[in-house]
>>> print(open('my_file.cif').read())   # mmCIF, N, CA and C atoms, pLDDT in the B column; chains and numbers go by the auth columns
data_structure
#
loop_
_atom_site.group_PDB
_atom_site.id
_atom_site.type_symbol
_atom_site.label_atom_id
_atom_site.label_comp_id
_atom_site.label_asym_id
_atom_site.label_seq_id
_atom_site.Cartn_x
_atom_site.Cartn_y
_atom_site.Cartn_z
_atom_site.B_iso_or_equiv
_atom_site.auth_seq_id
_atom_site.auth_asym_id
ATOM 1 N N MET A 1 18.632 -157.150 58.495 54.00 1 A
ATOM 2 C CA MET A 1 18.413 -155.770 58.110 54.00 1 A
ATOM 3 C C MET A 1 19.482 -154.893 58.769 54.00 1 A
ATOM 4 N N PRO A 2 20.117 -154.010 57.971 53.00 2 A
ATOM 5 C CA PRO A 2 21.169 -153.184 58.546 53.00 2 A
ATOM 6 C C PRO A 2 20.606 -152.148 59.509 53.00 2 A
ATOM 7 N N LYS A 3 21.424 -151.739 60.451 60.00 3 A
ATOM 8 C CA LYS A 3 21.010 -150.712 61.392 60.00 3 A
ATOM 9 C C LYS A 3 21.036 -149.358 60.695 60.00 3 A
ATOM 10 N N SER A 4 20.210 -148.443 61.160 56.00 4 A
ATOM 11 C CA SER A 4 20.086 -147.152 60.499 56.00 4 A
ATOM 12 C C SER A 4 21.375 -146.332 60.561 56.00 4 A
ATOM 13 N N ARG A 5 22.237 -146.597 61.539 70.00 5 A
ATOM 14 C CA ARG A 5 23.469 -145.819 61.625 70.00 5 A
ATOM 15 C C ARG A 5 24.471 -146.220 60.549 70.00 5 A
ATOM 16 N N GLU A 6 24.260 -147.353 59.899 86.00 6 A
ATOM 17 C CA GLU A 6 25.169 -147.800 58.851 86.00 6 A
ATOM 18 C C GLU A 6 24.788 -147.272 57.475 86.00 6 A
ATOM 19 N N ILE A 7 23.570 -146.763 57.323 91.00 7 A
ATOM 20 C CA ILE A 7 23.089 -146.308 56.024 91.00 7 A
ATOM 21 C C ILE A 7 23.321 -144.807 55.896 91.00 7 A
ATOM 22 N N ILE A 8 23.866 -144.402 54.752 91.00 8 A
ATOM 23 C CA ILE A 8 24.118 -142.995 54.466 91.00 8 A
ATOM 24 C C ILE A 8 23.026 -142.525 53.515 91.00 8 A
ATOM 25 N N GLU A 9 22.338 -141.429 53.835 94.00 9 A
ATOM 26 C CA GLU A 9 21.291 -140.889 52.969 94.00 9 A
ATOM 27 C C GLU A 9 21.752 -139.571 52.372 94.00 9 A
ATOM 28 N N VAL A 10 21.664 -139.474 51.051 95.00 10 A
ATOM 29 C CA VAL A 10 22.005 -138.245 50.333 95.00 10 A
ATOM 30 C C VAL A 10 20.908 -137.966 49.308 95.00 10 A
ATOM 31 N N GLU A 11 20.903 -136.745 48.783 96.00 11 A
ATOM 32 C CA GLU A 11 19.960 -136.373 47.739 96.00 11 A
ATOM 33 C C GLU A 11 20.735 -136.093 46.467 96.00 11 A
ATOM 34 N N GLY A 12 20.082 -136.368 45.334 97.00 12 A
ATOM 35 C CA GLY A 12 20.750 -136.147 44.071 97.00 12 A
ATOM 36 C C GLY A 12 19.786 -135.993 42.927 97.00 12 A
ATOM 37 N N THR A 13 20.335 -135.821 41.732 97.00 13 A
ATOM 38 C CA THR A 13 19.559 -135.651 40.509 97.00 13 A
ATOM 39 C C THR A 13 19.880 -136.790 39.563 97.00 13 A
ATOM 40 N N VAL A 14 18.850 -137.402 39.014 98.00 14 A
ATOM 41 C CA VAL A 14 19.026 -138.501 38.067 98.00 14 A
ATOM 42 C C VAL A 14 19.556 -137.924 36.758 98.00 14 A
ATOM 43 N N THR A 15 20.674 -138.442 36.288 97.00 15 A
ATOM 44 C CA THR A 15 21.275 -137.933 35.056 97.00 15 A
ATOM 45 C C THR A 15 21.060 -138.868 33.868 97.00 15 A
ATOM 46 N N GLN A 16 20.914 -140.169 34.128 97.00 16 A
ATOM 47 C CA GLN A 16 20.798 -141.123 33.027 97.00 16 A
ATOM 48 C C GLN A 16 19.977 -142.321 33.480 97.00 16 A
ATOM 49 N N ALA A 17 19.076 -142.786 32.616 97.00 17 A
ATOM 50 C CA ALA A 17 18.304 -143.993 32.873 97.00 17 A
ATOM 51 C C ALA A 17 18.955 -145.151 32.111 97.00 17 A
ATOM 52 N N LEU A 18 19.207 -146.246 32.806 97.00 18 A
ATOM 53 C CA LEU A 18 19.852 -147.421 32.231 97.00 18 A
ATOM 54 C C LEU A 18 18.878 -148.594 32.239 97.00 18 A
ATOM 55 N N PRO A 19 19.171 -149.686 31.553 96.00 19 A
ATOM 56 C CA PRO A 19 18.270 -150.846 31.575 96.00 19 A
ATOM 57 C C PRO A 19 18.145 -151.458 32.973 96.00 19 A
ATOM 58 N N ASN A 20 17.084 -152.241 33.172 93.00 20 A
ATOM 59 C CA ASN A 20 16.813 -152.972 34.416 93.00 20 A
ATOM 60 C C ASN A 20 16.651 -152.058 35.617 93.00 20 A
ATOM 61 N N THR A 21 15.959 -150.954 35.438 92.00 21 A
ATOM 62 C CA THR A 21 15.681 -149.962 36.488 92.00 21 A
ATOM 63 C C THR A 21 16.933 -149.517 37.228 92.00 21 A
ATOM 64 N N MET A 22 17.991 -149.292 36.477 97.00 22 A
ATOM 65 C CA MET A 22 19.226 -148.737 37.032 97.00 22 A
ATOM 66 C C MET A 22 19.338 -147.291 36.559 97.00 22 A
ATOM 67 N N PHE A 23 19.963 -146.448 37.379 98.00 23 A
ATOM 68 C CA PHE A 23 20.077 -145.034 37.072 98.00 23 A
ATOM 69 C C PHE A 23 21.436 -144.521 37.510 98.00 23 A
ATOM 70 N N ARG A 24 21.920 -143.486 36.806 98.00 24 A
ATOM 71 C CA ARG A 24 23.091 -142.744 37.256 98.00 24 A
ATOM 72 C C ARG A 24 22.559 -141.490 37.942 98.00 24 A
ATOM 73 N N VAL A 25 23.041 -141.255 39.160 98.00 25 A
ATOM 74 C CA VAL A 25 22.561 -140.134 39.961 98.00 25 A
ATOM 75 C C VAL A 25 23.757 -139.305 40.411 98.00 25 A
ATOM 76 N N LYS A 26 23.668 -137.986 40.190 97.00 26 A
ATOM 77 C CA LYS A 26 24.711 -137.074 40.641 97.00 26 A
ATOM 78 C C LYS A 26 24.277 -136.465 41.968 97.00 26 A
ATOM 79 N N VAL A 27 25.131 -136.567 42.978 97.00 27 A
ATOM 80 C CA VAL A 27 24.824 -136.082 44.323 97.00 27 A
ATOM 81 C C VAL A 27 24.857 -134.559 44.328 97.00 27 A
ATOM 82 N N ASP A 28 23.889 -133.938 45.035 95.00 28 A
ATOM 83 C CA ASP A 28 23.761 -132.480 45.096 95.00 28 A
ATOM 84 C C ASP A 28 24.876 -131.838 45.913 95.00 28 A
ATOM 85 N N GLU A 29 24.937 -130.500 45.808 92.00 29 A
ATOM 86 C CA GLU A 29 25.951 -129.737 46.531 92.00 29 A
ATOM 87 C C GLU A 29 25.640 -129.597 48.014 92.00 29 A
ATOM 88 N N ASN A 30 24.380 -129.821 48.421 90.00 30 A
ATOM 89 C CA ASN A 30 24.045 -129.677 49.836 90.00 30 A
ATOM 90 C C ASN A 30 24.345 -130.949 50.639 90.00 30 A
ATOM 91 N N ALA A 31 24.947 -131.935 50.018 89.00 31 A
ATOM 92 C CA ALA A 31 25.358 -133.172 50.695 89.00 31 A
ATOM 93 C C ALA A 31 26.654 -132.911 51.475 89.00 31 A
ATOM 94 N N PRO A 32 27.069 -133.862 52.319 88.00 32 A
ATOM 95 C CA PRO A 32 28.370 -133.686 53.006 88.00 32 A
ATOM 96 C C PRO A 32 29.503 -133.473 52.011 88.00 32 A
ATOM 97 N N GLU A 33 30.544 -132.841 52.469 91.00 33 A
ATOM 98 C CA GLU A 33 31.621 -132.378 51.587 91.00 33 A
ATOM 99 C C GLU A 33 32.269 -133.483 50.754 91.00 33 A
ATOM 100 N N ASP A 34 32.462 -134.664 51.315 90.00 34 A
ATOM 101 C CA ASP A 34 33.112 -135.747 50.570 90.00 34 A
ATOM 102 C C ASP A 34 32.179 -136.415 49.562 90.00 34 A
ATOM 103 N N TRP A 35 30.879 -136.114 49.585 90.00 35 A
ATOM 104 C CA TRP A 35 29.923 -136.706 48.645 90.00 35 A
ATOM 105 C C TRP A 35 29.551 -135.765 47.507 90.00 35 A
ATOM 106 N N GLN A 36 29.861 -134.491 47.592 92.00 36 A
ATOM 107 C CA GLN A 36 29.433 -133.504 46.610 92.00 36 A
ATOM 108 C C GLN A 36 29.995 -133.805 45.235 92.00 36 A
ATOM 109 N N GLY A 37 29.106 -133.798 44.232 91.00 37 A
ATOM 110 C CA GLY A 37 29.517 -134.002 42.854 91.00 37 A
ATOM 111 C C GLY A 37 29.787 -135.449 42.470 91.00 37 A
ATOM 112 N N LYS A 38 29.679 -136.375 43.393 94.00 38 A
ATOM 113 C CA LYS A 38 29.920 -137.787 43.114 94.00 38 A
ATOM 114 C C LYS A 38 28.783 -138.357 42.276 94.00 38 A
ATOM 115 N N GLU A 39 29.095 -139.278 41.388 97.00 39 A
ATOM 116 C CA GLU A 39 28.068 -139.914 40.569 97.00 39 A
ATOM 117 C C GLU A 39 27.937 -141.377 41.010 97.00 39 A
ATOM 118 N N LEU A 40 26.709 -141.790 41.321 97.00 40 A
ATOM 119 C CA LEU A 40 26.438 -143.123 41.841 97.00 40 A
ATOM 120 C C LEU A 40 25.600 -143.920 40.850 97.00 40 A
ATOM 121 N N LEU A 41 25.762 -145.232 40.867 98.00 41 A
ATOM 122 C CA LEU A 41 24.919 -146.145 40.113 98.00 41 A
ATOM 123 C C LEU A 41 23.848 -146.644 41.066 98.00 41 A
ATOM 124 N N CYS A 42 22.586 -146.348 40.755 97.00 42 A
ATOM 125 C CA CYS A 42 21.502 -146.637 41.691 97.00 42 A
ATOM 126 C C CYS A 42 20.430 -147.504 41.060 97.00 42 A
ATOM 127 N N THR A 43 19.736 -148.239 41.905 97.00 43 A
ATOM 128 C CA THR A 43 18.591 -149.037 41.497 97.00 43 A
ATOM 129 C C THR A 43 17.384 -148.571 42.300 97.00 43 A
ATOM 130 N N LEU A 44 16.195 -148.961 41.892 96.00 44 A
ATOM 131 C CA LEU A 44 14.986 -148.592 42.615 96.00 44 A
ATOM 132 C C LEU A 44 14.800 -149.497 43.824 96.00 44 A
ATOM 133 N N SER A 45 14.242 -148.952 44.883 95.00 45 A
ATOM 134 C CA SER A 45 13.946 -149.766 46.061 95.00 45 A
ATOM 135 C C SER A 45 12.724 -150.632 45.775 95.00 45 A
ATOM 136 N N GLY A 46 12.458 -151.579 46.642 92.00 46 A
ATOM 137 C CA GLY A 46 11.380 -152.540 46.435 92.00 46 A
ATOM 138 C C GLY A 46 10.007 -151.927 46.321 92.00 46 A
ATOM 139 N N LYS A 47 9.663 -150.959 47.200 94.00 47 A
ATOM 140 C CA LYS A 47 8.337 -150.334 47.154 94.00 47 A
ATOM 141 C C LYS A 47 8.158 -149.496 45.898 94.00 47 A
ATOM 142 N N MET A 48 9.222 -148.875 45.412 94.00 48 A
ATOM 143 C CA MET A 48 9.103 -148.080 44.194 94.00 48 A
ATOM 144 C C MET A 48 8.879 -148.989 42.989 94.00 48 A
ATOM 145 N N ARG A 49 9.477 -150.173 42.996 94.00 49 A
ATOM 146 C CA ARG A 49 9.215 -151.144 41.933 94.00 49 A
ATOM 147 C C ARG A 49 7.801 -151.699 42.037 94.00 49 A
ATOM 148 N N LEU A 50 7.382 -152.001 43.262 95.00 50 A
ATOM 149 C CA LEU A 50 6.070 -152.587 43.494 95.00 50 A
ATOM 150 C C LEU A 50 4.948 -151.677 43.008 95.00 50 A
ATOM 151 N N TYR A 51 5.039 -150.379 43.322 96.00 51 A
ATOM 152 C CA TYR A 51 4.000 -149.435 42.931 96.00 51 A
ATOM 153 C C TYR A 51 4.293 -148.742 41.610 96.00 51 A
ATOM 154 N N ARG A 52 5.333 -149.177 40.914 94.00 52 A
ATOM 155 C CA ARG A 52 5.709 -148.692 39.586 94.00 52 A
ATOM 156 C C ARG A 52 5.829 -147.177 39.517 94.00 52 A
ATOM 157 N N ILE A 53 6.562 -146.623 40.458 94.00 53 A
ATOM 158 C CA ILE A 53 6.822 -145.188 40.467 94.00 53 A
ATOM 159 C C ILE A 53 7.886 -144.905 39.420 94.00 53 A
ATOM 160 N N ARG A 54 7.563 -144.033 38.502 95.00 54 A
ATOM 161 C CA ARG A 54 8.471 -143.751 37.391 95.00 54 A
ATOM 162 C C ARG A 54 9.509 -142.714 37.784 95.00 54 A
ATOM 163 N N VAL A 55 10.734 -142.966 37.361 96.00 55 A
ATOM 164 C CA VAL A 55 11.834 -142.046 37.603 96.00 55 A
ATOM 165 C C VAL A 55 12.444 -141.722 36.247 96.00 55 A
ATOM 166 N N MET A 56 12.564 -140.440 35.974 96.00 56 A
ATOM 167 C CA MET A 56 13.077 -139.972 34.690 96.00 56 A
ATOM 168 C C MET A 56 14.333 -139.133 34.914 96.00 56 A
ATOM 169 N N PRO A 57 15.188 -139.015 33.893 97.00 57 A
ATOM 170 C CA PRO A 57 16.349 -138.126 34.025 97.00 57 A
ATOM 171 C C PRO A 57 15.890 -136.700 34.315 97.00 57 A
ATOM 172 N N GLY A 58 16.544 -136.069 35.260 97.00 58 A
ATOM 173 C CA GLY A 58 16.176 -134.726 35.691 97.00 58 A
ATOM 174 C C GLY A 58 15.414 -134.706 37.002 97.00 58 A
ATOM 175 N N ASP A 59 14.888 -135.857 37.439 97.00 59 A
ATOM 176 C CA ASP A 59 14.160 -135.934 38.711 97.00 59 A
ATOM 177 C C ASP A 59 15.139 -135.884 39.885 97.00 59 A
ATOM 178 N N ARG A 60 14.675 -135.287 40.978 97.00 60 A
ATOM 179 C CA ARG A 60 15.458 -135.301 42.210 97.00 60 A
ATOM 180 C C ARG A 60 15.028 -136.498 43.034 97.00 60 A
ATOM 181 N N ALA A 61 15.975 -137.111 43.739 97.00 61 A
ATOM 182 C CA ALA A 61 15.676 -138.337 44.480 97.00 61 A
ATOM 183 C C ALA A 61 16.491 -138.407 45.752 97.00 61 A
ATOM 184 N N LYS A 62 15.979 -139.177 46.716 97.00 62 A
ATOM 185 C CA LYS A 62 16.694 -139.480 47.953 97.00 62 A
ATOM 186 C C LYS A 62 17.339 -140.856 47.762 97.00 62 A
ATOM 187 N N ILE A 63 18.611 -140.968 48.135 96.00 63 A
ATOM 188 C CA ILE A 63 19.374 -142.190 47.882 96.00 63 A
ATOM 189 C C ILE A 63 19.955 -142.707 49.187 96.00 63 A
ATOM 190 N N GLN A 64 19.929 -144.022 49.365 96.00 64 A
ATOM 191 C CA GLN A 64 20.574 -144.679 50.496 96.00 64 A
ATOM 192 C C GLN A 64 21.807 -145.415 49.981 96.00 64 A
ATOM 193 N N VAL A 65 22.923 -145.227 50.692 95.00 65 A
ATOM 194 C CA VAL A 65 24.187 -145.868 50.324 95.00 65 A
ATOM 195 C C VAL A 65 24.708 -146.603 51.553 95.00 65 A
ATOM 196 N N THR A 66 25.159 -147.837 51.366 91.00 66 A
ATOM 197 C CA THR A 66 25.752 -148.580 52.474 91.00 66 A
ATOM 198 C C THR A 66 27.263 -148.353 52.467 91.00 66 A
ATOM 199 N N PRO A 67 27.913 -148.500 53.591 91.00 67 A
ATOM 200 C CA PRO A 67 29.367 -148.284 53.632 91.00 67 A
ATOM 201 C C PRO A 67 30.164 -149.388 52.929 91.00 67 A
ATOM 202 N N TYR A 68 29.516 -150.464 52.513 91.00 68 A
ATOM 203 C CA TYR A 68 30.220 -151.570 51.860 91.00 68 A
ATOM 204 C C TYR A 68 30.612 -151.252 50.434 91.00 68 A
ATOM 205 N N ASP A 69 29.739 -150.524 49.710 93.00 69 A
ATOM 206 C CA ASP A 69 30.040 -150.136 48.334 93.00 69 A
ATOM 207 C C ASP A 69 29.568 -148.702 48.158 93.00 69 A
ATOM 208 N N LEU A 70 30.495 -147.770 48.139 92.00 70 A
ATOM 209 C CA LEU A 70 30.153 -146.353 48.111 92.00 70 A
ATOM 210 C C LEU A 70 29.867 -145.825 46.708 92.00 70 A
ATOM 211 N N LYS A 71 29.901 -146.678 45.693 95.00 71 A
ATOM 212 C CA LYS A 71 29.605 -146.255 44.331 95.00 71 A
ATOM 213 C C LYS A 71 28.227 -146.705 43.867 95.00 71 A
ATOM 214 N N ARG A 72 27.522 -147.465 44.706 97.00 72 A
ATOM 215 C CA ARG A 72 26.182 -147.948 44.371 97.00 72 A
ATOM 216 C C ARG A 72 25.205 -147.494 45.434 97.00 72 A
ATOM 217 N N GLY A 73 23.957 -147.297 45.015 97.00 73 A
ATOM 218 C CA GLY A 73 22.957 -146.847 45.961 97.00 73 A
ATOM 219 C C GLY A 73 21.574 -147.381 45.608 97.00 73 A
ATOM 220 N N ARG A 74 20.588 -146.979 46.416 97.00 74 A
ATOM 221 C CA ARG A 74 19.213 -147.400 46.215 97.00 74 A
ATOM 222 C C ARG A 74 18.342 -146.160 46.300 97.00 74 A
ATOM 223 N N ILE A 75 17.536 -145.917 45.261 97.00 75 A
ATOM 224 C CA ILE A 75 16.625 -144.780 45.243 97.00 75 A
ATOM 225 C C ILE A 75 15.415 -145.135 46.085 97.00 75 A
ATOM 226 N N THR A 76 15.150 -144.342 47.134 97.00 76 A
ATOM 227 C CA THR A 76 14.044 -144.635 48.031 97.00 76 A
ATOM 228 C C THR A 76 12.903 -143.648 47.924 97.00 76 A
ATOM 229 N N PHE A 77 13.131 -142.466 47.328 97.00 77 A
ATOM 230 C CA PHE A 77 12.082 -141.461 47.247 97.00 77 A
ATOM 231 C C PHE A 77 12.350 -140.556 46.052 97.00 77 A
ATOM 232 N N ARG A 78 11.292 -140.231 45.297 97.00 78 A
ATOM 233 C CA ARG A 78 11.387 -139.288 44.179 97.00 78 A
ATOM 234 C C ARG A 78 10.637 -138.028 44.560 97.00 78 A
ATOM 235 N N TYR A 79 11.327 -136.889 44.536 96.00 79 A
ATOM 236 C CA TYR A 79 10.687 -135.615 44.842 96.00 79 A
ATOM 237 C C TYR A 79 9.863 -135.148 43.654 96.00 79 A
ATOM 238 N N LYS A 80 8.775 -134.453 43.933 85.00 80 A
ATOM 239 C CA LYS A 80 7.891 -133.970 42.854 85.00 80 A
ATOM 240 C C LYS A 80 8.396 -132.705 42.243 85.00 80 A
#
>>> encode(input="my_file.cif", output="structure tokens")
Amino acid sequence: MPKSREIIEVEGTVTQALPNTMFRVKVDENAPEDWQGKELLCTLSGKMRLYRIRVMPGDRAKIQVTPYDLKRGRITFRYK
């Protein structure tokens, strides 16, 4: 399991739903300067799949990104 200092957390808005629980997410303006406006390819985290939490385009979400691949992320929380 990676250490928490290696994981980058940002917030964004889901722009497109893709097959196999993949989503395109645009990072919000309140993120760090180098992340603003970036579009990431994200998948659902394990607990969100387990409890079948639905994510639709237009929803706001919290995303975790590892430093190994900065274009992919994992959706860990959907804001109401």
>>> resolve_selection(input="my_file.cif", expression="the PyMOL selection byres (((chain A and resi 33-48 and name CA) around 8) and name CA)", output="PyMOL selection string")
chain A and resi 21-32+49-53+63+70-77
>>> atom_distance(input="my_file.cif", atom1="CA of Tyr79 (chain A)", atom2="CA of Gln16 (chain A)")
16.5 Å
>>> atom_distance(input="my_file.cif", atom1="CA of Met56 (chain A)", atom2="CA of Arg5 (chain A)")
29.5 Å
>>> atom_distance(input="my_file.cif", atom1="CA of Gly58 (chain A)", atom2="atom N of Gly12 (chain A)")
10.5 Å
>>> select_by_dssp(input="my_file.cif", residues="chain A", states="helix (DSSP H, G or I)", output="list in words")
Ser4, Arg5, Glu6, Gly46, Lys47, Met48, Arg49 and Leu50 of chain A
>>> resolve_selection(input="my_file.cif", expression="the PyMOL selection byres ((chain A and resi 67) around 6.5)", output="list in words")
Glu6, Ile7, Ile8, Val65, Thr66, Tyr68, Asp69 and Leu70 of chain A
